[in-house]
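Engineer: Here it is, the structure in full.
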Amino acid sequence: MKSFGLQLTPELIVSQLPGELIKRKDAVLDNVAELSEATENSICFYENDNFLEALKSTNAGLVFVKNEFNESLHPNTNFLKVEMPYIYFMMLIKTWLSLDKGEFVPYISPKASISEKATLDSHVIIKENVVIGANVKIGKHSVIEANCVIMDNVSIGADCHIFPNVTIYDDTIVKNRVILHAGVVLGADGFGYIYHEGIQQKVPQVGKVVIDEDVEIGANTCIDRAALGTTYIGKHTKIDNLVQIGHNVQVGQNTMLCSQVGIAGSTKIGDLVYMAGQVGCADHITIGDNVKVGAKSGIAGNVESNKLMFGIPARESGITKRIMASERYLPELVKFYKEAMKKREENAGI
Amino acid sequence: MKSFGLQLTPELIVSQLPGELIKRKDAVLDNVAELSEATENSICFYENDNFLEALKSTNAGLVFVKNEFNESLHPNTNFLKVEMPYIYFMMLIKTWLSLDKGEFVPYISPKASISEKATLDSHVIIKENVVIGANVKIGKHSVIEANCVIMDNVSIGADCHIFPNVTIYDDTIVKNRVILHAGVVLGADGFGYIYHEGIQQKVPQVGKVVIDEDVEIGANTCIDRAALGTTYIGKHTKIDNLVQIGHNVQVGQNTMLCSQVGIAGSTKIGDLVYMAGQVGCADHITIGDNVKVGAKSGIAGNVESNKLMFGIPARESGITKRIMASERYLPELVKFYKEAMKKREENAGI
Amino acid sequence: MKSFGLQLTPELIVSQLPGELIKRKDAVLDNVAELSEATENSICFYENDNFLEALKSTNAGLVFVKNEFNESLHPNTNFLKVEMPYIYFMMLIKTWLSLDKGEFVPYISPKASISEKATLDSHVIIKENVVIGANVKIGKHSVIEANCVIMDNVSIGADCHIFPNVTIYDDTIVKNRVILHAGVVLGADGFGYIYHEGIQQKVPQVGKVVIDEDVEIGANTCIDRAALGTTYIGKHTKIDNLVQIGHNVQVGQNTMLCSQVGIAGSTKIGDLVYMAGQVGCADHITIGDNVKVGAKSGIAGNVESNKLMFGIPARESGITKRIMASERYLPELVKFYKEAMKKREENAGI
């Protein structure tokens with residue numbers, strides 16, 4: 001359950017959305033909730049029959065339902081019939097959150113440590129113990145939560161939200177409306193060594209990281225600086241928790257990288273790619289646009305646009321699924337083969 | 001080697017434990033150690049024949065051994081014969097640690113930043129640069145180590161230990177006797193987007209995280225808040241380092257999730273489940289109680305209670321092991337098959 | 001592009017390196033760059049034909065090329081012909097970085113919290129909000145970046161660089177010239193529990209972590225303390241981001257562990273081992289020297305020195321590759337087998 005300061009009524013909501021209100025009682029609405037935890041002040045949604053029992057017994061004050069919903073399933077709650085209950089419910093939450101947030105009140109904590117050579121917009125929030133290096137720029141309405149460290153020459157755009165304990169190394173560029181969750185590390189050295197004269201010698205990593213507009217990056221994810229040049233994350237791309245992006249990787253726009261994905265150095269990933277959890281990509285390969293990759297896959301070579309890939313090694317998804325369905329017979333197959341070999345030997349012996 | 005302030009003697013120890021002391025010399029005991037690094041002041045244990053040589057040459061002042069141990073293997077150290085040497089050795093360490101710790105001395109660092117609206121028990125320890133938001137509650141004898149950030153409306157129970165650089169987002173509930181290791185992130189937004197009008201649109205994540213009593217969570221592990229409702233970790237469950245728990249996941253009691261495990265959104269995991277390292281679980285599935293999952297497995301569907309699972313995709317462990325044992329023959333099988341096909345073609349040609 | 005304060009000329013560079021200068025124009029050089037982003041002040045290198053078009057159109061002021069390079073490919077830039085362009089280019093960057101860095105200027109932030117019982121060399125840098133516990137030692141020319149927490153009894157050698165938000169638990173030993181990237185956690189408790197009397201009981205973790213000289217550890221990597229004894233990382237070993245090293249693991253010298261590798265408890269890894277991304281190692285096994293392991297492999301048992309390993313389970317690389325190449329035929333093989341079985345049954349029925 002999420003509570004809001006601003007109170008709503010069913011009538012107010014239906015006046016803003018293209019839907020039909022089935023009203024049974026007055027309601028003051030101040031939170032969103034799951035059907036099972038709802039109170040008379042809650043707004044919920046119902047789309048999936050798996051939750052029918054929860055719907056029948058809910059205490060919710062208003063439930064978003066589909067146009068074809070049969071309201072006799074619950075005698076005394078209010079329903080809002082709309083085309084896409086979940087989508088409208090989420091849109092309501094977004095609007096409610098922004099109404100609740102109120103005006104942006106700039107704040108710079110006296111406990112923040114800000115270089116005299118940094119340039120901050122007059123409308124920013126910098127919380128406690130944030131450390132900001134020389135030549136850092138931070139744009140309007142950006143929020144840096146407590147205990148972040150922004151090293152020298154970093155540029156952060158407008159309307160960014162940097163959660164606690166994030167580290168941004170020198171020279172990183174973060175554009176507008178980027179969200180970085182707690183513990184993210186941008187710009188640490190890429191993993192480059194040459195074994196020379198009996199020891200692993202560090203290859204200097206002097207490139208940078210650029211995070212383009214509207215990117216969101218999950219907790220404790222790491223994006224390494226380029227050896228030379230740029231590691232780049234394209235607009236509207238979303239990266240989950242604990243993901244590794246190696247040096248010089250290029251990621252396109254609107255791409256989704258789920259948790260624990262790892263992308264090795266210099267690999268290029270297109271637009272609208274989806275990689276499920278724990279996928280790994282080899283280095284120096286190219287993944288086209290609109291590629292979907294199943295969980296745990298290992299991509300060893302280039303992938304053309306629009307492919308569905310799966311498996312270790314990743315093949316077209318249908319091929320891997322047929323192989324997986326066949327694996328069950330493998331022990332029998334081996335037995336059959338051994339018998340055939342034995343017979344062949346016996347026949348040869350005659 | 002771990003040293004303690006309080007000194008013990010073999011006689012004192014045997015007076016507290018159900019065992020038999022084989023005494024060869026007086027000893028003052030002030031540390032626990034491995035056999036190979038022990039000094040005359042060390043207590044060790046010996047259970048596994050692999051360490052026989054280390055046992056024979058140890059300098060330890062006291063060694064916990066099994067009842068049937070032959071003390072002539074070492075002529076001049078002291079032995080304590082007990083039923084379960086390792087268990088009793090660990091119990092001794094626990095007791096010794098707690099005796100050494102002494103009284104709880106409350107402390108709030110002047111460098112901590114604590115909201116006036118927070119409610120702290122009078123007996124807590126809050127270290128340097130900790131930031132505590134509005135409406136946070138912290139229970140008796142809890143310790144918040146340096147540089148943690150506890151955002152608004154978080155509740156932390158009694159006897160918790162939160163290690164450095166942990167981030168806890170708004171609304172999270174942490175119950176009694178929870179241990180969070182360094183870098184843990186609780187309550188970051190779940191990974192939810194809808195591709196709409198040509199861009200990935202963020203689905204607001206307004207649920208919360210609840211960590212129940214006696215849970216321990218390893219370093220840099222991430223547990224995301226629910227989209228709506230609750231992401232829940234049950235009592236006595238233990239989670240290793242670098243684990244990912246997605247939004248709306250429910251984990252039961254006494255479950256063990258080893259390092260780098262990833263659980264996708266809305267999945268339910270039962271009690272006493274054991275997942276070895278790097279296991280992945282699909283979203284929206286149910287894993288029963290007492291399920292054991294081998295390392296690196298990928299669980300794609302529901303699993304009934306009491307199953308042993310293994311592989312990608314995870315099957316019953318015995319099946320996967322038979323398939324793996326058969327894989328070695330696959331190249332020969334293919335050769336055999338191709339020959340058979342060739343013959344068949346030749347015969348058809350006749 | 002990485003800029004430097006100190007300016008160089010082609011003549012100065014060729015006077016320091018064993019190469020031949022093809023000079024077409026004067027140049028003042030103050031940065032290193034990729035060919036495509038270079039300005040007339042940039043130094044680049046060219047070794048790989050894939051970058052031929054970038055070479056032909058580069059604006060670089062100086063390009064390191066191979067001895068046999070044909071300088072007519074670009075009419076008006078300067079070339080330095082050397083035996084190993086990339087190696088010499090990297091050596092130049094290293095030298096340039098160290099010239100640029102200038103003298104070590106000791107600094108202890110007034111916002112650092114340093115125990116009176118800590119012993120710091122007079123030439124260290126301790127940045128803002130660093131917290132240093134009792135009995136900590138820090139050697140000459142070591143740098144502790146902002147917001148790190150160094151708990152009690154930790155020893156850090158000389159010339160170390162600890163990036164922001166690192167946590168080092170009690171008793172850890174970090175030797176000379178170690179680099180720890182942001183978010184690293186050293187010395188958190190190992191994952192040890194015994195299920196006893198119906199609950200998971202914590203096994204006390206009272207050992208420590210030792211990081212030997214010249215080790216580099218990537219962002220958000222976790223190395224757990226030993227249960228008893230030591231978790232050890234050998235000299236010149238390099239560990240990438242998001243790696244998990246369990247309690248009591250021993251890693252040799254000059255070993256490379258790529259991102260998201262996980263090593264379970266008590267495993268021993270030799271010298272010069274290379275593990276690609278997302279590899280997992282079982283507990284209590286031994287990996288010899290000079291072993292190379294392909295990405296995503298799962299190592300379940302001991303591996304002799306000098307082996308190439310790959311797959312889940314990891315086998316010798318050639319075997320796994322032959323198996324993988326055969327998998328494609330598996331659906332056909334199953335069809336063939338089912339037909340053969342059907343015939344056999346029909347024949348038996350006659």
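Convention: chains lettered A, B, ... in structure tokens order; per-chain residue numbering from 1; ligands numbered from 1 as shown.
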For chain C, list the residues within 6 Å of chain A, counting only C-alpha atoms, and write the list as a PyMOL selection string.

Structural biologist: chain C and resi 1-2+34+254+330-331

Engineer: At a cut-off of 9 Å, using only C-alpha atoms, what residues contact Lys117 of chain B? Leave out same-chain residues fewer than 3 positions from it and give the result as a list in words.

Structural biologist: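 Residues near the query, excluding close chain neighbours: Ile114, Gly133, Ala134, Asn135 and Val136 of chain B.
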
Engineer: Go ahead and write the residues just picked, C-alpha atoms, as a PDB file, in the first residue's frame.

Structural biologist:
ATOM      1  CA  ILE B 114      19.309  12.149  12.037  1.00  0.00           C
ATOM      2  CA  GLY B 133      15.335  10.141   7.325  1.00  0.00           C
ATOM      3  CA  ALA B 134      11.969  11.267   8.654  1.00  0.00           C
ATOM      4  CA  ASN B 135       9.753   8.837  10.555  1.00  0.00           C
ATOM      5  CA  VAL B 136      12.475   6.197  10.782  1.00  0.00           C
TER       6      VAL B 136
END

Engineer: From a DSSP pass on the backbone, collect the residues of segment 128-341 of chain C flagged as alpha helix (DSSP H) and hand them back as a ChimeraX atom specification.

Structural biologist: /C:317-327,330-341

Engineer: Residues of the last selection are to be written out with N, CA, C and O atoms, as a PDB file, in the first residue's frame.

Structural biologist:
ATOM      1  N   SER C 317      38.142 -28.186 -23.105  1.00  0.00           N
ATOM      2  CA  SER C 317      37.459 -27.296 -24.027  1.00  0.00           C
ATOM      3  C   SER C 317      37.117 -27.973 -25.354  1.00  0.00           C
ATOM      4  O   SER C 317      36.006 -27.821 -25.880  1.00  0.00           O
ATOM      5  N   GLY C 318      38.019 -28.752 -25.900  1.00  0.00           N
ATOM      6  CA  GLY C 318      37.778 -29.425 -27.180  1.00  0.00           C
ATOM      7  C   GLY C 318      36.594 -30.375 -27.100  1.00  0.00           C
ATOM      8  O   GLY C 318      35.787 -30.475 -28.035  1.00  0.00           O
ATOM      9  N   ILE C 319      36.483 -31.076 -25.991  1.00  0.00           N
ATOM     10  CA  ILE C 319      35.360 -32.018 -25.813  1.00  0.00           C
ATOM     11  C   ILE C 319      34.037 -31.252 -25.795  1.00  0.00           C
ATOM     12  O   ILE C 319      33.087 -31.601 -26.494  1.00  0.00           O
ATOM     13  N   THR C 320      33.980 -30.203 -25.009  1.00  0.00           N
ATOM     14  CA  THR C 320      32.738 -29.417 -24.941  1.00  0.00           C
ATOM     15  C   THR C 320      32.387 -28.835 -26.305  1.00  0.00           C
ATOM     16  O   THR C 320      31.215 -28.830 -26.706  1.00  0.00           O
ATOM     17  N   LYS C 321      33.392 -28.359 -27.027  1.00  0.00           N
ATOM     18  CA  LYS C 321      33.102 -27.779 -28.342  1.00  0.00           C
ATOM     19  C   LYS C 321      32.561 -28.836 -29.297  1.00  0.00           C
ATOM     20  O   LYS C 321      31.650 -28.549 -30.080  1.00  0.00           O
ATOM     21  N   ARG C 322      33.107 -30.068 -29.251  1.00  0.00           N
ATOM     22  CA  ARG C 322      32.577 -31.130 -30.100  1.00  0.00           C
ATOM     23  C   ARG C 322      31.139 -31.480 -29.694  1.00  0.00           C
ATOM     24  O   ARG C 322      30.282 -31.706 -30.542  1.00  0.00           O
ATOM     25  N   ILE C 323      30.892 -31.525 -28.391  1.00  0.00           N
ATOM     26  CA  ILE C 323      29.518 -31.796 -27.931  1.00  0.00           C
ATOM     27  C   ILE C 323      28.572 -30.703 -28.425  1.00  0.00           C
ATOM     28  O   ILE C 323      27.500 -30.977 -28.974  1.00  0.00           O
ATOM     29  N   MET C 324      28.992 -29.451 -28.256  1.00  0.00           N
ATOM     30  CA  MET C 324      28.125 -28.341 -28.679  1.00  0.00           C
ATOM     31  C   MET C 324      27.857 -28.393 -30.188  1.00  0.00           C
ATOM     32  O   MET C 324      26.738 -28.117 -30.633  1.00  0.00           O
ATOM     33  N   ALA C 325      28.879 -28.760 -30.961  1.00  0.00           N
ATOM     34  CA  ALA C 325      28.695 -28.837 -32.415  1.00  0.00           C
ATOM     35  C   ALA C 325      27.729 -29.966 -32.778  1.00  0.00           C
ATOM     36  O   ALA C 325      27.051 -29.918 -33.810  1.00  0.00           O
ATOM     37  N   SER C 326      27.653 -30.996 -31.947  1.00  0.00           N
ATOM     38  CA  SER C 326      26.780 -32.149 -32.217  1.00  0.00           C
ATOM     39  C   SER C 326      25.339 -31.915 -31.778  1.00  0.00           C
ATOM     40  O   SER C 326      24.421 -32.575 -32.267  1.00  0.00           O
ATOM     41  N   GLU C 327      25.152 -31.005 -30.829  1.00  0.00           N
ATOM     42  CA  GLU C 327      23.812 -30.812 -30.240  1.00  0.00           C
ATOM     43  C   GLU C 327      22.747 -30.506 -31.287  1.00  0.00           C
ATOM     44  O   GLU C 327      21.586 -30.899 -31.141  1.00  0.00           O
ATOM     45  N   LEU C 330      20.647 -33.310 -32.420  1.00  0.00           N
ATOM     46  CA  LEU C 330      19.954 -34.095 -31.409  1.00  0.00           C
ATOM     47  C   LEU C 330      18.485 -34.338 -31.755  1.00  0.00           C
ATOM     48  O   LEU C 330      18.007 -35.481 -31.646  1.00  0.00           O
ATOM     49  N   PRO C 331      17.723 -33.337 -32.200  1.00  0.00           N
ATOM     50  CA  PRO C 331      16.328 -33.616 -32.553  1.00  0.00           C
ATOM     51  C   PRO C 331      16.204 -34.683 -33.657  1.00  0.00           C
ATOM     52  O   PRO C 331      15.368 -35.586 -33.555  1.00  0.00           O
ATOM     53  N   GLU C 332      17.068 -34.626 -34.679  1.00  0.00           N
ATOM     54  CA  GLU C 332      17.042 -35.660 -35.735  1.00  0.00           C
ATOM     55  C   GLU C 332      17.391 -37.028 -35.172  1.00  0.00           C
ATOM     56  O   GLU C 332      16.800 -38.048 -35.543  1.00  0.00           O
ATOM     57  N   LEU C 333      18.392 -37.043 -34.323  1.00  0.00           N
ATOM     58  CA  LEU C 333      18.823 -38.304 -33.710  1.00  0.00           C
ATOM     59  C   LEU C 333      17.675 -38.959 -32.948  1.00  0.00           C
ATOM     60  O   LEU C 333      17.481 -40.173 -33.002  1.00  0.00           O
ATOM     61  N   VAL C 334      16.926 -38.151 -32.233  1.00  0.00           N
ATOM     62  CA  VAL C 334      15.809 -38.681 -31.439  1.00  0.00           C
ATOM     63  C   VAL C 334      14.747 -39.254 -32.373  1.00  0.00           C
ATOM     64  O   VAL C 334      14.192 -40.335 -32.122  1.00  0.00           O
ATOM     65  N   LYS C 335      14.514 -38.562 -33.471  1.00  0.00           N
ATOM     66  CA  LYS C 335      13.536 -39.053 -34.460  1.00  0.00           C
ATOM     67  C   LYS C 335      13.986 -40.401 -35.020  1.00  0.00           C
ATOM     68  O   LYS C 335      13.205 -41.373 -35.081  1.00  0.00           O
ATOM     69  N   PHE C 336      15.242 -40.474 -35.404  1.00  0.00           N
ATOM     70  CA  PHE C 336      15.842 -41.705 -35.933  1.00  0.00           C
ATOM     71  C   PHE C 336      15.712 -42.837 -34.919  1.00  0.00           C
ATOM     72  O   PHE C 336      15.323 -43.965 -35.247  1.00  0.00           O
ATOM     73  N   TYR C 337      16.008 -42.528 -33.678  1.00  0.00           N
ATOM     74  CA  TYR C 337      15.952 -43.525 -32.604  1.00  0.00           C
ATOM     75  C   TYR C 337      14.527 -44.034 -32.394  1.00  0.00           C
ATOM     76  O   TYR C 337      14.281 -45.236 -32.263  1.00  0.00           O
ATOM     77  N   LYS C 338      13.580 -43.099 -32.426  1.00  0.00           N
ATOM     78  CA  LYS C 338      12.183 -43.513 -32.214  1.00  0.00           C
ATOM     79  C   LYS C 338      11.707 -44.414 -33.352  1.00  0.00           C
ATOM     80  O   LYS C 338      10.995 -45.395 -33.117  1.00  0.00           O
ATOM     81  N   GLU C 339      12.104 -44.092 -34.571  1.00  0.00           N
ATOM     82  CA  GLU C 339      11.745 -44.948 -35.705  1.00  0.00           C
ATOM     83  C   GLU C 339      12.344 -46.341 -35.550  1.00  0.00           C
ATOM     84  O   GLU C 339      11.680 -47.360 -35.781  1.00  0.00           O
ATOM     85  N   ALA C 340      13.610 -46.372 -35.152  1.00  0.00           N
ATOM     86  CA  ALA C 340      14.291 -47.669 -34.968  1.00  0.00           C
ATOM     87  C   ALA C 340      13.582 -48.501 -33.895  1.00  0.00           C
ATOM     88  O   ALA C 340      13.378 -49.714 -34.047  1.00  0.00           O
ATOM     89  N   MET C 341      13.171 -47.843 -32.833  1.00  0.00           N
ATOM     90  CA  MET C 341      12.476 -48.540 -31.747  1.00  0.00           C
ATOM     91  C   MET C 341      11.141 -49.086 -32.221  1.00  0.00           C
ATOM     92  O   MET C 341      10.740 -50.196 -31.874  1.00  0.00           O
TER      93      MET C 341
END

Engineer: Work out how far apart atom CA of Glu83 of chain C and atom CA of Leu55 of chain C are and give it in Å to one decimal.

Structural biologist: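 According to the coordinates, atom CA of Glu83 of chain C and atom CA of Leu55 of chain C are separated by 18.2 Å.
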
Engineer: Do you have the atom CA of Lys235 of chain A-atom CA of Lys175 of chain A distance handy?

Structural biologist: 9.2 Å

Engineer: Please list as JSON, numbers by chain every residue within 6 Å of Ile239 of chain B, counting only C-alpha atoms and excluding residues in the same chain fewer than 5 positions away.

Structural biologist: {"B": [217, 218, 256, 257]}

Engineer: May I have the residues within 6 Å of segment 56-59 of chain B as JSON, numbers by chain, using only C-alpha atoms and disregarding those fewer than 3 positions away in the same chain?

Structural biologist: {"B": [35, 36, 38, 39, 40, 53, 74]}

Engineer: Check segment 61-305 of chain A with DSSP on the backbone and list each residue it calls strand (DSSP E), as a PyMOL selection string.

Structural biologist: chain A and resi 62-66+78-82+107-108+113-114+119-120+125-126+131-132+137-138+143-144+149-150+155-156+161-162+167-168+173-174+179-180+185-186+193-196+199-202+208-211+216-217+222-223+230-233+238-239+244-245+250-251+256-257+262-263+268-269+274-275+280-281+286-287+292-293+298-299
